[in-house]
Amino acid sequence: MEPATDAFDPVAFLRGLDALHAGGDGPEAVERYLGDALAAAGDDPAARLQVLNEAMGHHRSVSRHDDALREAAEALALVDRLGLAGTEAHATTLVNAATAHRAAGRQQEALALYGDARAAAARAYPAGDRRLAALRNNLALALAETGDHAGARDELAAALAVLESASVDPGTDLDIAATRSNLALECLALGLEDEARGHTGAALAIVRAGGHREDPHAAAMLASHAQACLLAGRPAEAVDLYAEALAIVARAYGEGSDAHAITADNLAAARRALAAAGPAGSGPADAAPAAASSPPEAAPAGLTGMDLARELWEDHVRPMLAERYPAHRGRIAAGLVGHGSECYGFDDALSRDHDFGPGLCLWLTAADHAEIGAALQADYDALPAVLHGIGPRVETARAQGAGRRVGVFEIGEFFTSVAGRPEAPAVDSPHEWMMLAEATLAAATNGVVLADPLGAFSAARNGFRRMPEDVRLARIAQRVGMVAQAGQYNVPRMLDRGDGEAAWLAVAELESAAASLVLLLNGPNAAGYLPYYKWRFAALRRLAARPASRLPEVHRDLSEILRLASAACLGGAGFGEGGSGSGPARERLEAAIERMSARFVAELRAQGLSRSDATFLEHHRGEVQSRVRDPWLRAL
């Protein structure tokens with residue numbers, strides 16, 4: 001479907017966009033349609049403003065945050081150019097721009113824009129206008145992401161009142177369902193589980209009664225009700241609801257979107273809960289037998305560093321901040337991020353011999369750290385050092401002093417200790433991004449944030465998470481080239497020369513490039529960054545276990561390649577080759593490399609990063625490079 005190109009028709013544009021969404025054509029079709037519409041709008045500022053407002057929403061939904069923020073800036077400039085301050089168009093654009101900033105992790109900018117939007121809406125919209133409810137819904141989400149769940153609940157309650165009074169048919173009104181769904185999430189955050197279940201049940205009834213089951217917004221309602229079911233001890237229902245939501249998200253936003261990754265993670269968690277619950281998982285919580293709970297002495301075996309951090313926060317740190325720092329508790333972020341297996345969720349019983357135990361990070365702005373940092377550190381040091389018989393922490397030398405991993409930190413100094421710089425490079429500084437190792441980026445963006453009412457820590461952390469698309473493509477091109485050079489070319493070449501050691505080193509380069517390529521093709525927003533070598537396979541296995549992850553087979557390919565390389569290159573047991581450069585192990589090694597390379601070729605083509613059907617990956621490197629816009633990056 002293509003918008004008219006002779007003269008931009010706003011009614012036809014919106015009608016065509018609605019038809020694409022209703023027909024489930026997918027994000028690629030919407031992307032093409034919006035691009036054609038923007039070209040048709042040309043230099044007409046009013047037409048461009050309309051298309052940009054729609055494009056912001058689309059790019060936000062498919063996790064192309066840099067594009068959404070660029071469109072927000074252009075749209076707001078057009079509002080000024082057209083003299084639309086205080087109008088409905090101004091309010092609408094401010095809401096869309098604020099929501100783009102919120103989705104990109106820029107909570108403080110989002111809250112400021114929502115404030116401007118509320119002022120513009122008060123002048124432009126009549127009392128009871130449904131758009132006021134939409135504004136309050138979005139503002140509530142921004143408040144929730146900074147930890148202000150009570151404020152978010154108040155905004156959503158006000159939005160619900162507007163919608164219920166304005167709706168022609170509240171029983172089938174999807175906006176009411178969405179608001180109730182959001183309200184349920186805030187109730188859950190505040191511990192109001194009965195109220196949450198009431199809202200999710202009502203939202204789900206609207207989805208069913210109104211025939212909205214294929215609407216992208218229905219996924220949020222399904223996921224909210226699934227979470228409420230999980231908390232109520234009904235994991236079987238949660239699994240079904242999350243699966244239904246995931247299917248809708250995949251069709252609407254694509255498998256590489258943030259929404260898909262989050263929903264997939266939630267589905268996996270629900271499935272684990274169902275497996276743990278056994279037959280009792282299909283019924284309500286009170287149907288579970290009392291014997292299902294573990295005796296207290298069994299609890300430590302499964303506790304992770306994140307579990308300990310959460311308990312320390314809820315039972316000790318949060319109450320301490322409320323009592324001793326009431327004026328600052330709304331400005332202090334808490335969580336566990338940085339170096340160490342516990343920050344990746346990879347810790348186990350073997351991890352307890354060093355740098356493990358009750359602990360978390362408290363992050364302050366520079367001004368707050370200067371004011372209360374020393375006192376807060378002293379209070380932190382006085383917290384219980386042992387939980388469930390675990391602790392106190394035995395810290396290695398590298399985890400002390402400037403390298404300490406828990407305690408009180410100034411935000412910029414924390415990221416400097418982890419990533420070598422206080423904040424992420426700017427989008428227009430690709431050379432600085434290319435200097436950051438993926439393991440460094442992984443350490444800066446891993447872990448869990450337990451609270452961040454101010455949003456300053458999350459804003460800095462999310463900056464490292466948003467690798468510019470040009471940088472991602474440049475790295476993909478490099479990794480594609482290395483898989484071709486080290487694996488497809490040099491492994492057999494070195495074996496031909498009888499230099500088994502050189503072939504083994506080529507395999508090592510192949511493994512590093514291939515593991516990185518898997519994460520990059522899944523996208524940092526959805527999959528994170530590849531950690532340092534010790535945890536590479538753990539990260540690949542975890543990603544592969546996610547429903548609908550890209551290239552889930554590669555970690556098994558790499559395992560086979562390393563096993564076969566031991567025999568083919570160095571004469572591993574059972575093959576009797578001694579690195580001679582010929583024999584069954586070599587043949588199987590080269591076949592495994594080609595099989596993995598074919599998977600990469602298929603994925604590059606599926607993502608539109610290459611049109612070549614060549615089996616040698618070097619031919620695809622140039623295809624990927626051609627899609628890099630920055631000339632410096634393209635020349636690497």
# chains A, B, ... in the order shown; residues from 1 in each chain; ligands from 1
>>> residues_around(residues="Ala205 in chain A", least_positions_apart="6", cutoff="12 Å", atoms="only C-alpha atoms", output="list of chain:residue names")
A:Pro170, A:Gly171, A:Thr172, A:Asp173, A:Leu174, A:Ile176, A:Ala177, A:Ala178, A:Arg180, A:Ser181, A:Gly198, A:His199, A:Gly211, A:His212, A:Arg213, A:Ala218, A:Met221, A:Leu222, A:His225
>>> write_last_selection(atoms="N, CA and C atoms", output="PDB file, in the first residue's frame")
ATOM      1  N   PRO A 170     -18.197   1.374  27.715  1.00  0.00           N
ATOM      2  CA  PRO A 170     -17.040   1.039  28.552  1.00  0.00           C
ATOM      3  C   PRO A 170     -16.692  -0.449  28.545  1.00  0.00           C
ATOM      4  N   GLY A 171     -17.660  -1.303  28.266  1.00  0.00           N
ATOM      5  CA  GLY A 171     -17.412  -2.738  28.302  1.00  0.00           C
ATOM      6  C   GLY A 171     -16.574  -3.265  27.164  1.00  0.00           C
ATOM      7  N   THR A 172     -16.394  -2.472  26.097  1.00  0.00           N
ATOM      8  CA  THR A 172     -15.561  -2.904  24.968  1.00  0.00           C
ATOM      9  C   THR A 172     -14.487  -1.878  24.619  1.00  0.00           C
ATOM     10  N   ASP A 173     -14.278  -0.898  25.466  1.00  0.00           N
ATOM     11  CA  ASP A 173     -13.364   0.213  25.191  1.00  0.00           C
ATOM     12  C   ASP A 173     -11.926  -0.205  25.503  1.00  0.00           C
ATOM     13  N   LEU A 174     -11.110  -0.327  24.451  1.00  0.00           N
ATOM     14  CA  LEU A 174      -9.744  -0.791  24.633  1.00  0.00           C
ATOM     15  C   LEU A 174      -8.903   0.201  25.436  1.00  0.00           C
ATOM     16  N   ILE A 176      -9.880   1.909  27.974  1.00  0.00           N
ATOM     17  CA  ILE A 176     -10.172   1.621  29.386  1.00  0.00           C
ATOM     18  C   ILE A 176      -9.413   0.372  29.820  1.00  0.00           C
ATOM     19  N   ALA A 177      -9.383  -0.623  28.944  1.00  0.00           N
ATOM     20  CA  ALA A 177      -8.639  -1.841  29.264  1.00  0.00           C
ATOM     21  C   ALA A 177      -7.156  -1.536  29.456  1.00  0.00           C
ATOM     22  N   ALA A 178      -6.587  -0.711  28.581  1.00  0.00           N
ATOM     23  CA  ALA A 178      -5.168  -0.372  28.698  1.00  0.00           C
ATOM     24  C   ALA A 178      -4.887   0.369  30.001  1.00  0.00           C
ATOM     25  N   ARG A 180      -6.658   0.223  32.798  1.00  0.00           N
ATOM     26  CA  ARG A 180      -6.778  -0.726  33.914  1.00  0.00           C
ATOM     27  C   ARG A 180      -5.541  -1.639  33.975  1.00  0.00           C
ATOM     28  N   SER A 181      -5.034  -2.015  32.824  1.00  0.00           N
ATOM     29  CA  SER A 181      -3.845  -2.850  32.788  1.00  0.00           C
ATOM     30  C   SER A 181      -2.655  -2.124  33.421  1.00  0.00           C
ATOM     31  N   GLY A 198      -8.283  -7.300  40.219  1.00  0.00           N
ATOM     32  CA  GLY A 198      -9.548  -6.728  39.767  1.00  0.00           C
ATOM     33  C   GLY A 198      -9.393  -5.952  38.477  1.00  0.00           C
ATOM     34  N   HIS A 199      -8.331  -5.167  38.391  1.00  0.00           N
ATOM     35  CA  HIS A 199      -8.099  -4.376  37.173  1.00  0.00           C
ATOM     36  C   HIS A 199      -7.739  -5.275  35.990  1.00  0.00           C
ATOM     37  N   GLY A 211     -13.463  -7.887  20.887  1.00  0.00           N
ATOM     38  CA  GLY A 211     -12.830  -8.415  19.686  1.00  0.00           C
ATOM     39  C   GLY A 211     -11.481  -7.789  19.408  1.00  0.00           C
ATOM     40  N   HIS A 212     -10.727  -7.477  20.473  1.00  0.00           N
ATOM     41  CA  HIS A 212      -9.448  -6.770  20.319  1.00  0.00           C
ATOM     42  C   HIS A 212      -8.243  -7.690  20.386  1.00  0.00           C
ATOM     43  N   ARG A 213      -8.434  -8.996  20.259  1.00  0.00           N
ATOM     44  CA  ARG A 213      -7.352  -9.920  20.568  1.00  0.00           C
ATOM     45  C   ARG A 213      -6.163  -9.805  19.623  1.00  0.00           C
ATOM     46  N   ALA A 218      -3.479  -5.046  22.929  1.00  0.00           N
ATOM     47  CA  ALA A 218      -4.009  -6.139  23.738  1.00  0.00           C
ATOM     48  C   ALA A 218      -2.886  -6.926  24.406  1.00  0.00           C
ATOM     49  N   MET A 221      -2.362  -5.827  27.968  1.00  0.00           N
ATOM     50  CA  MET A 221      -3.388  -6.313  28.894  1.00  0.00           C
ATOM     51  C   MET A 221      -3.171  -7.797  29.232  1.00  0.00           C
ATOM     52  N   LEU A 222      -2.859  -8.578  28.212  1.00  0.00           N
ATOM     53  CA  LEU A 222      -2.627  -9.993  28.442  1.00  0.00           C
ATOM     54  C   LEU A 222      -1.425 -10.207  29.369  1.00  0.00           C
ATOM     55  N   HIS A 225      -2.307  -9.257  33.043  1.00  0.00           N
ATOM     56  CA  HIS A 225      -3.113 -10.279  33.699  1.00  0.00           C
ATOM     57  C   HIS A 225      -2.273 -11.528  33.978  1.00  0.00           C
TER      58      HIS A 225
END
>>> residues_around(residues="range 625-627 of chain A", least_positions_apart="5", cutoff="8 Å", atoms="only C-alpha atoms", output="PyMOL selection string")
chain A and resi 473-474+477+609+634
>>> residues_around(residues="Pro453 in chain A", least_positions_apart="5", cutoff="12 Å", atoms="only C-alpha atoms", output="ChimeraX atom specification")
/A:107-108,142-152,328-334,363-364,458-459
>>> closest_atom_pairs(of="range 455-477 of chain A", to="range 60-69 of chain A", cutoff="10 Å", atoms="only C-alpha atoms", output="CSV")
residue,atom,partner,partner_atom,distance
A:Arg466,CA,A:His65,CA,8.0
A:Met467,CA,A:Asp66,CA,9.3
A:Pro468,CA,A:Asp66,CA,7.3
A:Glu469,CA,A:Asp66,CA,8.1
>>> atom_distance(atom1="CA of Asp9 in chain A", atom2="CA of His90 in chain A")
20.5 Å
>>> select_by_dssp(residues="range 372-607 of chain A", states="strand (DSSP E or B)", output="number ranges by chain")
A: 387, 390, 407-410, 448-451
>>> write_last_selection(atoms="N, CA and C atoms", output="PDB file, in the first residue's frame")
ATOM      1  N   LEU A 387      23.133 -13.044  55.508  1.00  0.00           N
ATOM      2  CA  LEU A 387      21.728 -13.362  55.271  1.00  0.00           C
ATOM      3  C   LEU A 387      21.630 -14.846  54.946  1.00  0.00           C
ATOM      4  N   ILE A 390      24.692 -16.844  54.642  1.00  0.00           N
ATOM      5  CA  ILE A 390      25.642 -16.488  53.581  1.00  0.00           C
ATOM      6  C   ILE A 390      26.277 -15.154  53.924  1.00  0.00           C
ATOM      7  N   GLY A 407      28.310  -0.940  47.641  1.00  0.00           N
ATOM      8  CA  GLY A 407      28.431   0.208  48.532  1.00  0.00           C
ATOM      9  C   GLY A 407      27.825   1.446  47.908  1.00  0.00           C
ATOM     10  N   VAL A 408      28.302   2.600  48.333  1.00  0.00           N
ATOM     11  CA  VAL A 408      27.759   3.889  47.898  1.00  0.00           C
ATOM     12  C   VAL A 408      28.668   4.478  46.826  1.00  0.00           C
ATOM     13  N   PHE A 409      28.066   4.925  45.722  1.00  0.00           N
ATOM     14  CA  PHE A 409      28.838   5.444  44.595  1.00  0.00           C
ATOM     15  C   PHE A 409      28.229   6.735  44.069  1.00  0.00           C
ATOM     16  N   GLU A 410      29.071   7.616  43.583  1.00  0.00           N
ATOM     17  CA  GLU A 410      28.626   8.726  42.740  1.00  0.00           C
ATOM     18  C   GLU A 410      28.450   8.154  41.335  1.00  0.00           C
ATOM     19  N   VAL A 448      20.632  -5.591  37.771  1.00  0.00           N
ATOM     20  CA  VAL A 448      19.259  -5.190  38.072  1.00  0.00           C
ATOM     21  C   VAL A 448      19.265  -3.860  38.803  1.00  0.00           C
ATOM     22  N   VAL A 449      18.315  -2.998  38.446  1.00  0.00           N
ATOM     23  CA  VAL A 449      18.079  -1.747  39.169  1.00  0.00           C
ATOM     24  C   VAL A 449      16.833  -1.955  40.008  1.00  0.00           C
ATOM     25  N   LEU A 450      16.988  -1.914  41.312  1.00  0.00           N
ATOM     26  CA  LEU A 450      15.880  -2.183  42.230  1.00  0.00           C
ATOM     27  C   LEU A 450      15.028  -0.951  42.476  1.00  0.00           C
ATOM     28  N   ALA A 451      15.618   0.215  42.367  1.00  0.00           N
ATOM     29  CA  ALA A 451      14.879   1.472  42.546  1.00  0.00           C
ATOM     30  C   ALA A 451      15.688   2.594  41.926  1.00  0.00           C
TER      31      ALA A 451
END
>>> select_by_dssp(residues="range 480-587 of chain A", states="alpha helix (DSSP H)", output="compact mmCIF listing (two decimals) with N, CA and C atoms, in the first residue's frame")
# COMPACT_ATOMS: atom_id res chain seq x y z
N VAL A 480 31.51 -10.41 10.77
CA VAL A 480 31.26 -11.23 9.59
C VAL A 480 32.58 -11.50 8.86
N GLY A 481 33.39 -10.44 8.70
CA GLY A 481 34.67 -10.60 8.04
C GLY A 481 35.61 -11.54 8.79
N MET A 482 35.60 -11.47 10.13
CA MET A 482 36.49 -12.32 10.91
C MET A 482 36.05 -13.78 10.89
N VAL A 491 41.40 -21.53 9.00
CA VAL A 491 41.47 -22.85 9.65
C VAL A 491 41.92 -23.92 8.65
N PRO A 492 41.23 -24.10 7.51
CA PRO A 492 41.72 -25.12 6.56
C PRO A 492 43.09 -24.78 5.99
N ARG A 493 43.41 -23.50 5.81
CA ARG A 493 44.71 -23.12 5.23
C ARG A 493 45.85 -23.50 6.17
N MET A 494 45.67 -23.24 7.46
CA MET A 494 46.72 -23.58 8.42
C MET A 494 46.85 -25.10 8.57
N LEU A 495 45.72 -25.80 8.50
CA LEU A 495 45.80 -27.26 8.56
C LEU A 495 46.50 -27.83 7.33
N ASP A 496 46.29 -27.20 6.17
CA ASP A 496 47.01 -27.62 4.97
C ASP A 496 48.52 -27.50 5.17
N GLY A 500 49.16 -26.91 13.23
CA GLY A 500 47.99 -27.09 14.06
C GLY A 500 47.79 -26.00 15.08
N GLU A 501 48.89 -25.45 15.60
CA GLU A 501 48.77 -24.39 16.60
C GLU A 501 48.16 -23.14 15.99
N ALA A 502 48.59 -22.79 14.79
CA ALA A 502 48.02 -21.61 14.12
C ALA A 502 46.54 -21.84 13.81
N ALA A 503 46.19 -23.06 13.40
CA ALA A 503 44.79 -23.37 13.14
C ALA A 503 43.96 -23.24 14.41
N TRP A 504 44.53 -23.69 15.55
CA TRP A 504 43.83 -23.58 16.82
C TRP A 504 43.58 -22.12 17.19
N LEU A 505 44.57 -21.26 16.95
CA LEU A 505 44.39 -19.83 17.23
C LEU A 505 43.35 -19.21 16.29
N ALA A 506 43.29 -19.70 15.06
CA ALA A 506 42.26 -19.22 14.13
C ALA A 506 40.87 -19.61 14.64
N VAL A 507 40.75 -20.81 15.20
CA VAL A 507 39.48 -21.24 15.78
C VAL A 507 39.09 -20.33 16.94
N ALA A 508 40.07 -19.93 17.75
CA ALA A 508 39.79 -19.03 18.87
C ALA A 508 39.25 -17.69 18.37
N GLU A 509 39.84 -17.16 17.29
CA GLU A 509 39.35 -15.90 16.72
C GLU A 509 37.93 -16.10 16.16
N LEU A 510 37.70 -17.24 15.54
CA LEU A 510 36.38 -17.56 15.00
C LEU A 510 35.35 -17.58 16.13
N GLU A 511 35.65 -18.25 17.23
CA GLU A 511 34.70 -18.34 18.35
C GLU A 511 34.37 -16.96 18.89
N SER A 512 35.37 -16.11 19.06
CA SER A 512 35.14 -14.78 19.60
C SER A 512 34.25 -13.96 18.67
N ALA A 513 34.54 -14.00 17.37
CA ALA A 513 33.76 -13.22 16.40
C ALA A 513 32.33 -13.75 16.29
N ALA A 514 32.17 -15.06 16.26
CA ALA A 514 30.83 -15.65 16.10
C ALA A 514 29.96 -15.37 17.31
N ALA A 515 30.52 -15.49 18.52
CA ALA A 515 29.74 -15.22 19.73
C ALA A 515 29.28 -13.77 19.75
N SER A 516 30.18 -12.86 19.39
CA SER A 516 29.82 -11.44 19.32
C SER A 516 28.75 -11.20 18.28
N LEU A 517 28.86 -11.85 17.14
CA LEU A 517 27.92 -11.64 16.04
C LEU A 517 26.50 -12.06 16.44
N VAL A 518 26.37 -13.13 17.20
CA VAL A 518 25.05 -13.56 17.66
C VAL A 518 24.38 -12.46 18.47
N LEU A 519 25.10 -11.88 19.42
CA LEU A 519 24.52 -10.83 20.26
C LEU A 519 24.21 -9.58 19.44
N LEU A 520 25.10 -9.21 18.54
CA LEU A 520 24.89 -8.01 17.74
C LEU A 520 23.69 -8.16 16.80
N LEU A 521 23.50 -9.34 16.24
CA LEU A 521 22.37 -9.56 15.34
C LEU A 521 21.05 -9.65 16.11
N ASN A 522 21.09 -10.05 17.37
CA ASN A 522 19.90 -10.00 18.21
C ASN A 522 19.61 -8.58 18.67
N PRO A 524 21.58 -5.10 20.91
CA PRO A 524 21.91 -4.83 22.32
C PRO A 524 20.69 -4.54 23.19
N ASN A 525 19.69 -3.84 22.63
CA ASN A 525 18.51 -3.53 23.44
C ASN A 525 17.78 -4.79 23.86
N ALA A 526 17.73 -5.78 22.97
CA ALA A 526 16.99 -7.00 23.25
C ALA A 526 17.84 -8.04 23.96
N ALA A 527 19.13 -8.13 23.63
CA ALA A 527 19.96 -9.24 24.10
C ALA A 527 21.12 -8.82 24.97
N ARG A 536 30.92 -16.17 28.05
CA ARG A 536 30.37 -16.12 26.70
C ARG A 536 29.34 -17.21 26.45
N PHE A 537 29.71 -18.44 26.77
CA PHE A 537 28.79 -19.53 26.46
C PHE A 537 27.58 -19.51 27.37
N ALA A 538 27.75 -19.05 28.60
CA ALA A 538 26.59 -18.90 29.49
C ALA A 538 25.61 -17.89 28.90
N ALA A 539 26.14 -16.79 28.36
CA ALA A 539 25.28 -15.78 27.75
C ALA A 539 24.59 -16.31 26.51
N LEU A 540 25.33 -17.06 25.69
CA LEU A 540 24.73 -17.62 24.47
C LEU A 540 23.66 -18.66 24.80
N ARG A 541 23.92 -19.48 25.81
CA ARG A 541 22.92 -20.49 26.19
C ARG A 541 21.66 -19.82 26.74
N ARG A 542 21.85 -18.79 27.54
CA ARG A 542 20.68 -18.10 28.08
C ARG A 542 19.87 -17.45 26.98
N LEU A 543 20.55 -16.82 26.02
CA LEU A 543 19.84 -16.20 24.91
C LEU A 543 19.12 -17.24 24.08
N ALA A 544 19.76 -18.39 23.85
CA ALA A 544 19.15 -19.45 23.03
C ALA A 544 17.89 -20.00 23.68
N VAL A 554 23.64 -21.45 17.36
CA VAL A 554 25.07 -21.17 17.16
C VAL A 554 25.90 -21.62 18.36
N HIS A 555 25.38 -21.53 19.57
CA HIS A 555 26.21 -21.93 20.71
C HIS A 555 26.53 -23.43 20.64
N ARG A 556 25.60 -24.23 20.09
CA ARG A 556 25.89 -25.66 19.93
C ARG A 556 26.90 -25.87 18.78
N ASP A 557 26.77 -25.08 17.72
CA ASP A 557 27.76 -25.15 16.65
C ASP A 557 29.16 -24.86 17.18
N LEU A 558 29.27 -23.80 18.00
CA LEU A 558 30.58 -23.42 18.52
C LEU A 558 31.13 -24.49 19.46
N SER A 559 30.27 -25.11 20.26
CA SER A 559 30.72 -26.19 21.14
C SER A 559 31.32 -27.33 20.32
N GLU A 560 30.63 -27.68 19.24
CA GLU A 560 31.13 -28.76 18.39
C GLU A 560 32.43 -28.36 17.70
N ILE A 561 32.51 -27.11 17.26
CA ILE A 561 33.73 -26.64 16.59
C ILE A 561 34.93 -26.71 17.53
N LEU A 562 34.76 -26.29 18.79
CA LEU A 562 35.87 -26.34 19.74
C LEU A 562 36.28 -27.78 20.04
N ARG A 563 35.31 -28.66 20.17
CA ARG A 563 35.62 -30.06 20.46
C ARG A 563 36.37 -30.69 19.28
N LEU A 564 35.88 -30.46 18.07
CA LEU A 564 36.54 -31.03 16.90
C LEU A 564 37.90 -30.40 16.64
N ALA A 565 38.02 -29.11 16.97
CA ALA A 565 39.30 -28.43 16.75
C ALA A 565 40.40 -29.03 17.62
N SER A 566 40.03 -29.50 18.81
CA SER A 566 41.02 -30.11 19.68
C SER A 566 41.68 -31.30 19.00
N ALA A 567 40.88 -32.08 18.30
CA ALA A 567 41.42 -33.24 17.60
C ALA A 567 42.09 -32.86 16.29
N ALA A 568 41.42 -32.03 15.51
CA ALA A 568 41.94 -31.71 14.17
C ALA A 568 43.21 -30.88 14.22
N CYS A 569 43.31 -30.00 15.21
CA CYS A 569 44.45 -29.09 15.26
C CYS A 569 45.58 -29.61 16.14
N LEU A 570 45.20 -30.23 17.27
CA LEU A 570 46.22 -30.58 18.26
C LEU A 570 46.27 -32.06 18.57
N PRO A 584 39.03 -37.51 9.63
CA PRO A 584 37.61 -37.26 9.89
C PRO A 584 37.34 -36.07 10.78
N ALA A 585 38.18 -35.80 11.77
CA ALA A 585 37.95 -34.65 12.65
C ALA A 585 38.03 -33.35 11.86
N ARG A 586 39.02 -33.27 10.97
CA ARG A 586 39.13 -32.05 10.15
C ARG A 586 37.91 -31.88 9.27
N GLU A 587 37.49 -32.97 8.63
CA GLU A 587 36.32 -32.88 7.74
C GLU A 587 35.09 -32.41 8.51
